[in-house]
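**Student:** File my_file-v3.pdb follows (PDB, C-alpha atoms):
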```
ATOM      1  CA  MET A   1     -11.501  -6.667  14.488
ATOM      2  CA  ARG A   2      -9.035  -7.028  11.650
ATOM      3  CA  GLY A   3      -9.563  -5.655   8.167
ATOM      4  CA  THR A   4     -10.119  -8.029   5.294
ATOM      5  CA  ARG A   5      -7.397  -8.512   2.695
ATOM      6  CA  ILE A   6      -8.626  -9.036  -0.861
ATOM      7  CA  ARG A   7      -6.147  -8.969  -3.740
ATOM      8  CA  GLY A   8      -3.523  -7.566  -1.388
ATOM      9  CA  VAL A   9      -5.639  -4.668  -0.070
ATOM     10  CA  ALA A  10      -6.921  -4.303   3.493
ATOM     11  CA  LEU A  11     -10.670  -3.660   3.619
ATOM     12  CA  PRO A  12     -11.905  -2.301   6.970
ATOM     13  CA  ALA A  13     -14.201  -4.742   8.746
ATOM     14  CA  VAL A  14     -17.836  -3.964   9.502
ATOM     15  CA  GLY A  15     -18.316  -2.183  12.795
ATOM     16  CA  LEU A  16     -14.732  -1.121  13.543
ATOM     17  CA  LEU A  17     -14.601   2.290  15.200
ATOM     18  CA  VAL A  18     -11.988   4.664  13.856
ATOM     19  CA  LEU A  19     -11.519   7.881  15.792
ATOM     20  CA  ALA A  20     -11.171  11.095  13.831
ATOM     21  CA  ALA A  21      -9.124  13.965  15.140
ATOM     22  CA  ALA A  22     -10.810  16.795  13.311
ATOM     23  CA  SER A  23     -13.926  18.480  14.633
ATOM     24  CA  GLY A  24     -16.930  19.985  12.891
ATOM     25  CA  CYS A  25     -15.787  19.489   9.277
ATOM     26  CA  ARG A  26     -15.657  17.132   6.321
ATOM     27  CA  SER A  27     -12.484  15.194   5.590
ATOM     28  CA  TYR A  28     -11.585  13.767   2.184
ATOM     29  CA  HIS A  29     -10.081  10.442   1.128
ATOM     30  CA  TYR A  30      -9.137   8.766  -2.151
ATOM     31  CA  VAL A  31      -8.919   5.235  -3.565
ATOM     32  CA  VAL A  32      -6.809   4.426  -6.644
ATOM     33  CA  ARG A  33      -9.011   2.929  -9.384
ATOM     34  CA  THR A  34      -6.410   2.304 -12.094
ATOM     35  CA  ASP A  35      -3.432   0.036 -11.524
ATOM     36  CA  GLY A  36      -0.241   1.905 -12.375
ATOM     37  CA  ALA A  37      -1.989   5.277 -12.442
ATOM     38  CA  PRO A  38       0.571   8.081 -12.937
ATOM     39  CA  LEU A  39       1.553  10.355 -10.071
ATOM     40  CA  TYR A  40       2.429  13.749 -11.540
ATOM     41  CA  ALA A  41       4.864  16.303 -10.147
ATOM     42  CA  ASP A  42       2.463  19.204 -10.721
ATOM     43  CA  GLU A  43      -0.981  20.073 -12.035
ATOM     44  CA  ASP A  44       0.328  20.399 -15.607
ATOM     45  CA  GLY A  45       0.812  16.623 -15.748
ATOM     46  CA  GLU A  46       4.027  16.767 -17.757
ATOM     47  CA  ASP A  47       6.387  14.981 -15.362
ATOM     48  CA  VAL A  48       5.477  11.547 -13.973
ATOM     49  CA  ILE A  49       7.247  10.919 -10.668
ATOM     50  CA  GLY A  50       5.695   7.559  -9.828
ATOM     51  CA  ARG A  51       3.001   4.958 -10.388
ATOM     52  CA  MET A  52       0.203   4.169  -7.963
ATOM     53  CA  ASP A  53      -1.066   0.710  -7.034
ATOM     54  CA  GLN A  54      -4.706  -0.110  -7.597
ATOM     55  CA  PHE A  55      -6.875  -0.062  -4.417
ATOM     56  CA  HIS A  56      -4.350   2.024  -2.477
ATOM     57  CA  HIS A  57      -6.136   4.636  -0.350
ATOM     58  CA  GLU A  58      -5.085   7.591   1.801
ATOM     59  CA  SER A  59      -6.486  10.713   3.394
ATOM     60  CA  LEU A  60      -6.606  13.990   1.468
ATOM     61  CA  GLY A  61      -7.204  16.142   4.559
ATOM     62  CA  VAL A  62     -10.000  18.672   4.979
ATOM     63  CA  GLY A  63      -9.575  20.729   1.790
ATOM     64  CA  ASP A  64     -12.158  20.229  -0.981
ATOM     65  CA  PRO A  65     -10.184  18.528  -3.815
ATOM     66  CA  THR A  66     -11.373  20.434  -6.865
ATOM     67  CA  GLY A  67      -9.501  21.167 -10.060
ATOM     68  CA  ASP A  68      -8.224  19.484 -13.211
ATOM     69  CA  ARG A  69      -6.085  17.146 -11.094
ATOM     70  CA  VAL A  70      -6.353  15.891  -7.543
ATOM     71  CA  GLU A  71      -3.537  16.741  -5.163
ATOM     72  CA  VAL A  72      -2.620  13.556  -3.272
ATOM     73  CA  THR A  73      -0.029  12.071  -0.974
ATOM     74  CA  TYR A  74       0.968   8.590  -2.094
ATOM     75  CA  GLN A  75       3.161   6.551   0.259
ATOM     76  CA  GLY A  76       4.842   9.698   1.528
ATOM     77  CA  ARG A  77       5.248  11.385  -1.882
ATOM     78  CA  GLU A  78       3.244  14.477  -2.775
ATOM     79  CA  GLY A  79       1.894  14.806  -6.284
ATOM     80  CA  TYR A  80      -1.171  15.013  -8.500
ATOM     81  CA  ALA A  81      -3.508  12.400  -9.989
ATOM     82  CA  ASP A  82      -6.028  12.393 -12.821
ATOM     83  CA  PRO A  83      -9.606  12.468 -11.445
ATOM     84  CA  ALA A  84     -10.464   9.416 -13.580
ATOM     85  CA  ASP A  85      -7.761   7.380 -11.818
ATOM     86  CA  VAL A  86      -8.961   7.995  -8.252
ATOM     87  CA  ARG A  87     -12.270   7.799  -6.438
ATOM     88  CA  VAL A  88     -12.618  10.753  -4.044
ATOM     89  CA  PHE A  89     -15.125  10.815  -1.191
ATOM     90  CA  SER A  90     -15.706  12.596   2.104
ATOM     91  CA  TYR A  91     -16.853  11.678   5.595
ATOM     92  CA  ASP A  92     -17.972  13.472   8.732
ATOM     93  CA  SER A  93     -15.094  13.956  11.154
ATOM     94  CA  GLY A  94     -17.046  16.041  13.627
ATOM     95  CA  THR A  95     -18.142  14.051  16.669
ATOM     96  CA  PHE A  96     -17.141  10.927  18.575
ATOM     97  CA  ALA A  97     -20.189   8.956  17.428
ATOM     98  CA  ARG A  98     -19.868  10.078  13.808
ATOM     99  CA  ALA A  99     -16.199   9.115  13.696
ATOM    100  CA  GLN A 100     -17.474   5.671  12.708
ATOM    101  CA  ASP A 101     -18.602   7.313   9.458
ATOM    102  CA  ARG A 102     -14.973   7.477   8.366
ATOM    103  CA  ASN A 103     -14.531   3.718   8.591
ATOM    104  CA  ASP A 104     -17.859   3.043   6.874
ATOM    105  CA  GLN A 105     -17.106   5.410   3.987
ATOM    106  CA  VAL A 106     -13.596   4.039   3.420
ATOM    107  CA  ARG A 107     -14.970   0.505   3.377
ATOM    108  CA  HIS A 108     -17.861   1.414   1.065
ATOM    109  CA  ASN A 109     -15.773   3.276  -1.517
ATOM    110  CA  LEU A 110     -12.925   0.771  -1.511
ATOM    111  CA  ARG A 111     -15.475  -1.962  -2.075
ATOM    112  CA  GLU A 112     -17.006  -0.043  -4.981
ATOM    113  CA  VAL A 113     -13.626   0.220  -6.701
ATOM    114  CA  ILE A 114     -13.043  -3.514  -6.227
ATOM    115  CA  LEU A 115     -16.499  -4.296  -7.638
ATOM    116  CA  GLU A 116     -15.663  -2.279 -10.767
ATOM    117  CA  THR A 117     -13.108  -4.984 -11.653
ATOM    118  CA  THR A 118     -15.279  -8.062 -11.030
ATOM    119  CA  PRO A 119     -17.342 -10.013 -13.597
ATOM    120  CA  TRP A 120     -19.877 -11.225 -10.999
ATOM    121  CA  PRO A 121     -23.659 -11.388 -11.596
ATOM    122  CA  ARG A 122     -25.602  -8.241 -10.798
ATOM    123  CA  ARG A 123     -27.585  -9.929  -8.009
ATOM    124  CA  VAL A 124     -24.335 -10.829  -6.256
ATOM    125  CA  GLU A 125     -22.950  -7.296  -6.615
ATOM    126  CA  ALA A 126     -26.252  -5.833  -5.372
ATOM    127  CA  ALA A 127     -26.191  -8.095  -2.315
ATOM    128  CA  ILE A 128     -22.600  -7.113  -1.515
ATOM    129  CA  ARG A 129     -23.462  -3.414  -1.747
ATOM    130  CA  ASP A 130     -26.354  -3.989   0.672
ATOM    131  CA  ASP A 131     -24.147  -5.933   3.130
ATOM    132  CA  ARG A 132     -26.211  -9.057   2.420
ATOM    133  CA  LEU A 133     -25.162 -12.651   1.888
ATOM    134  CA  LEU A 134     -26.440 -15.157  -0.677
ATOM    135  CA  LYS A 135     -25.983 -18.898  -0.503
ATOM    136  CA  GLY A 136     -23.292 -20.038  -2.890
ATOM    137  CA  MET A 137     -21.123 -16.926  -2.451
ATOM    138  CA  THR A 138     -17.351 -17.389  -2.471
ATOM    139  CA  ARG A 139     -15.123 -16.428   0.441
ATOM    140  CA  GLU A 140     -14.012 -13.296  -1.414
ATOM    141  CA  GLN A 141     -17.615 -12.197  -1.925
ATOM    142  CA  VAL A 142     -18.444 -12.760   1.747
ATOM    143  CA  GLU A 143     -15.382 -10.731   2.752
ATOM    144  CA  LEU A 144     -16.547  -7.845   0.588
ATOM    145  CA  ALA A 145     -20.034  -7.990   2.114
ATOM    146  CA  TRP A 146     -19.159  -8.471   5.795
ATOM    147  CA  GLY A 147     -15.400  -8.082   6.146
ATOM    148  CA  LEU A 148     -12.888 -10.533   7.587
ATOM    149  CA  PRO A 149     -13.946 -12.508  10.691
ATOM    150  CA  ASN A 150     -12.268 -12.543  14.073
ATOM    151  CA  THR A 151     -11.916 -16.326  14.024
ATOM    152  CA  ILE A 152     -11.929 -19.096  11.398
ATOM    153  CA  VAL A 153     -12.525 -22.616  12.745
ATOM    154  CA  PRO A 154     -13.638 -25.998  11.354
ATOM    155  CA  ASP A 155     -17.387 -26.211  10.919
ATOM    156  CA  GLY A 156     -17.765 -29.012  13.436
ATOM    157  CA  ARG A 157     -20.900 -30.344  11.762
ATOM    158  CA  GLY A 158     -19.016 -32.611   9.387
ATOM    159  CA  GLY A 159     -18.526 -32.255   5.663
ATOM    160  CA  GLY A 160     -15.113 -30.593   5.805
ATOM    161  CA  GLY A 161     -16.341 -26.999   5.832
ATOM    162  CA  GLU A 162     -15.340 -24.066   7.988
ATOM    163  CA  ARG A 163     -17.038 -21.476  10.191
ATOM    164  CA  TRP A 164     -16.268 -17.767  10.297
ATOM    165  CA  VAL A 165     -17.018 -16.017  13.581
ATOM    166  CA  PHE A 166     -17.588 -12.241  13.624
ATOM    167  CA  ARG A 167     -17.662 -10.310  16.901
ATOM    168  CA  ILE A 168     -18.689  -6.780  16.077
ATOM    169  CA  THR A 169     -19.009  -3.630  18.157
ATOM    170  CA  ARG A 170     -20.680  -0.484  16.906
ATOM    171  CA  TYR A 171     -21.004   2.812  18.728
ATOM    172  CA  GLU A 172     -24.441   4.404  18.668
ATOM    173  CA  GLU A 173     -25.306   7.970  19.613
ATOM    174  CA  ARG A 174     -28.260   8.314  21.958
ATOM    175  CA  GLU A 175     -29.894  11.109  23.874
ATOM    176  CA  ALA A 176     -31.639  11.521  27.207
ATOM    177  CA  VAL A 177     -34.127  14.204  28.241
ATOM    178  CA  HIS A 178     -33.810  15.602  31.760
ATOM    179  CA  SER A 179     -36.120  17.951  33.624
ATOM    180  CA  GLY A 180     -36.409  19.377  37.113
ATOM    181  CA  TYR A 181     -36.135  22.455  39.270
ATOM    182  CA  THR A 182     -33.113  24.648  39.655
ATOM    183  CA  TYR A 183     -32.765  27.815  41.664
ATOM    184  CA  ALA A 184     -31.865  31.168  40.191
ATOM    185  CA  HIS A 185     -30.641  34.195  42.157
ATOM    186  CA  PHE A 186     -32.274  37.571  41.561
ATOM    187  CA  ARG A 187     -31.880  40.966  43.222
ATOM    188  CA  SER A 188     -34.907  43.210  43.319
ATOM    189  CA  TYR A 189     -34.391  46.957  43.015
ATOM    190  CA  GLY A 190     -36.362  49.540  44.938
ATOM    191  CA  GLY A 191     -36.959  53.157  44.062
ATOM    192  CA  CYS A 192     -34.432  55.981  44.376
ATOM    193  CA  GLY A 193     -31.360  53.747  44.099
ATOM    194  CA  SER A 194     -32.462  51.184  46.718
ATOM    195  CA  TYR A 195     -31.063  47.699  46.089
ATOM    196  CA  GLY A 196     -34.038  46.001  47.658
ATOM    197  CA  ARG A 197     -33.604  42.337  48.600
ATOM    198  CA  SER A 198     -32.256  39.072  47.178
ATOM    199  CA  ILE A 199     -34.649  36.450  45.865
ATOM    200  CA  HIS A 200     -33.925  32.739  45.230
ATOM    201  CA  ALA A 201     -36.629  31.529  42.842
ATOM    202  CA  PRO A 202     -37.149  27.944  41.602
ATOM    203  CA  ILE A 203     -37.171  27.534  37.797
ATOM    204  CA  TYR A 204     -38.375  24.385  36.025
ATOM    205  CA  THR A 205     -35.981  23.463  33.182
ATOM    206  CA  THR A 206     -35.668  20.745  30.539
ATOM    207  CA  TYR A 207     -32.436  19.850  28.742
ATOM    208  CA  VAL A 208     -31.018  17.074  26.531
ATOM    209  CA  THR A 209     -27.716  15.225  26.895
ATOM    210  CA  ARG A 210     -26.136  13.093  24.161
ATOM    211  CA  TYR A 211     -23.853  10.130  24.714
ATOM    212  CA  THR A 212     -22.472   7.071  22.928
ATOM    213  CA  VAL A 213     -22.889   3.435  23.889
ATOM    214  CA  PRO A 214     -21.211   0.287  22.499
ATOM    215  CA  VAL A 215     -23.550  -2.249  20.901
ATOM    216  CA  SER A 216     -22.038  -5.718  20.371
ATOM    217  CA  PHE A 217     -23.301  -8.673  18.374
ATOM    218  CA  ARG A 218     -22.087 -11.891  16.788
ATOM    219  CA  ARG A 219     -22.325 -13.451  13.336
ATOM    220  CA  ASP A 220     -21.465 -17.007  12.271
ATOM    221  CA  VAL A 221     -20.925 -17.897   8.603
ATOM    222  CA  TYR A 222     -20.658 -21.490   7.327
ATOM    223  CA  PHE A 223     -18.810 -22.603   4.198
ATOM    224  CA  ASP A 224     -18.949 -26.025   2.604
ATOM    225  CA  ALA A 225     -15.897 -28.058   1.605
ATOM    226  CA  ASP A 226     -15.800 -26.276  -1.781
ATOM    227  CA  GLY A 227     -15.548 -22.849  -0.136
ATOM    228  CA  ARG A 228     -19.106 -21.837  -0.976
ATOM    229  CA  LEU A 229     -21.445 -20.161   1.479
ATOM    230  CA  ALA A 230     -23.798 -22.727   3.001
ATOM    231  CA  GLY A 231     -25.552 -20.620   5.642
ATOM    232  CA  TRP A 232     -25.190 -18.052   8.409
ATOM    233  CA  THR A 233     -26.634 -16.847  11.711
ATOM    234  CA  SER A 234     -26.620 -13.382  13.247
ATOM    235  CA  ASP A 235     -28.141 -11.788  16.327
ATOM    236  CA  ASP A 236     -28.324  -8.304  14.772
ATOM    237  CA  LEU A 237     -30.355  -8.999  11.612
TER     238      LEU A 237
END
```
Show me this structure written as structure tokens.
**Tutor:**
Amino acid sequence: MRGTRIRGVALPAVGLLVLAAASGCRSYHYVVRTDGAPLYADEDGEDVIGRMDQFHHESLGVGDPTGDRVEVTYQGREGYADPADVRVFSYDSGTFARAQDRNDQVRHNLREVILETTPWPRRVEAAIRDDRLLKGMTREQVELAWGLPNTIVPDGRGGGGERWVFRITRYEEREAVHSGYTYAHFRSYGGCGSYGRSIHAPIYTTYVTRYTVPVSFRRDVYFDADGRLAGWTSDDL
């Protein structure tokens, strides 16, 4: 699934799995809040070596970004940013199933920065934050709530509208409990240094295995001829 592009920025689509390479730790990421935010050469903030575009986002690695300024890499250049100019967040990069957390957190925090710049009603912003749709939403608002679809086609029901088709796959972590008998080998010891005899004894054991499975579903969103949301269907809601 492609990411959505709103105001020139790619927003990860709902349900896209992004694999993380790190294991057992938290990784950090940033989103630029202020258009033209200064990129400083050092923590002192005296020399500006560049300007950062609003909504740009990159990884900060696994180090906790604390201090008067945030150390960042911006389009290949290393520097420092004012904390007020960037939104910093972390995600779990530990396991295969939790790697999806990276994509969800990037999408959530990028969306929050975009919402800071919009004059929309509170009920619309609240719906977007909850991944919900409301009739009458614009295409941009639907993209922020659900991401960009896989396919855009004519509605087919007349009226000059269009239909967005989402095909989404999420990866869920599940567990299975197993039990049964296994055989353990023992050696009995006699007195005065005697090694005795070998014993194979059955032992009843219980253990848990964890695994991931793909879960796929489809969503269809309908817009009227004016580009307003007219309705939607989904097999996961």
**Student:** Each residue of stretch 82-192 of chain A with at least one atom at most 10 Å from stretch 40-61 of chain A should appear once, together with its nearest atom pair and the corresponding distance in Å (one decimal); atoms considered: only C-alpha atoms; ordering: chain, then increasing residue number; output as a Markdown table.
**Tutor:**
```
| residue | atom | partner | partner_atom | distance |
| --- | --- | --- | --- | --- |
| A:Asp82 | CA | A:Gly45 | CA | 8.6 |
| A:Asp85 | CA | A:Gln54 | CA | 9.1 |
| A:Val86 | CA | A:His57 | CA | 9.0 |
| A:Arg87 | CA | A:His57 | CA | 9.2 |
| A:Val88 | CA | A:Leu60 | CA | 8.8 |
| A:Phe89 | CA | A:Leu60 | CA | 9.5 |
| A:Ser90 | CA | A:Leu60 | CA | 9.2 |
| A:Val106 | CA | A:His57 | CA | 8.4 |
| A:Asn109 | CA | A:His57 | CA | 9.8 |
| A:Leu110 | CA | A:Phe55 | CA | 6.8 |
| A:Arg111 | CA | A:Phe55 | CA | 9.1 |
| A:Val113 | CA | A:Phe55 | CA | 7.1 |
| A:Ile114 | CA | A:Phe55 | CA | 7.3 |
```
**Student:** Considering only C-alpha atoms, can you say which of A:Glu143, A:Glu125, A:Glu173, A:Asp236 comes closest to A:Thr209?
**Tutor:**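 Closest to A:Thr209 of all the choices is A:Glu173.
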**Student:** Work out how far atom CA of A:Arg123 is from atom CA of A:Phe217, in Å to one decimal.
**Tutor:** 26.8 Å
**Student:** For A:Thr212, which residue out of A:Ser27, A:Gln100, A:His178, A:Arg132 is the nearest one, using all atoms listed in the file?
**Tutor:**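 Nearest to A:Thr212: A:Gln100.
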**Student:** Closest to A:Ser216 among A:Leu148, A:Val72, A:Ile168, A:Leu134, using only C-alpha atoms?
**Tutor:**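 Result for the nearest residue to A:Ser216: A:Ile168.
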**Student:** Would you mind telling me which residue in A:Tyr74, A:Tyr171, A:Phe223, A:Tyr204 lies nearest to A:Thr138 when using all atoms listed in the file?
**Tutor:**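 Checking each candidate against A:Thr138, we get A:Phe223 as the closest.
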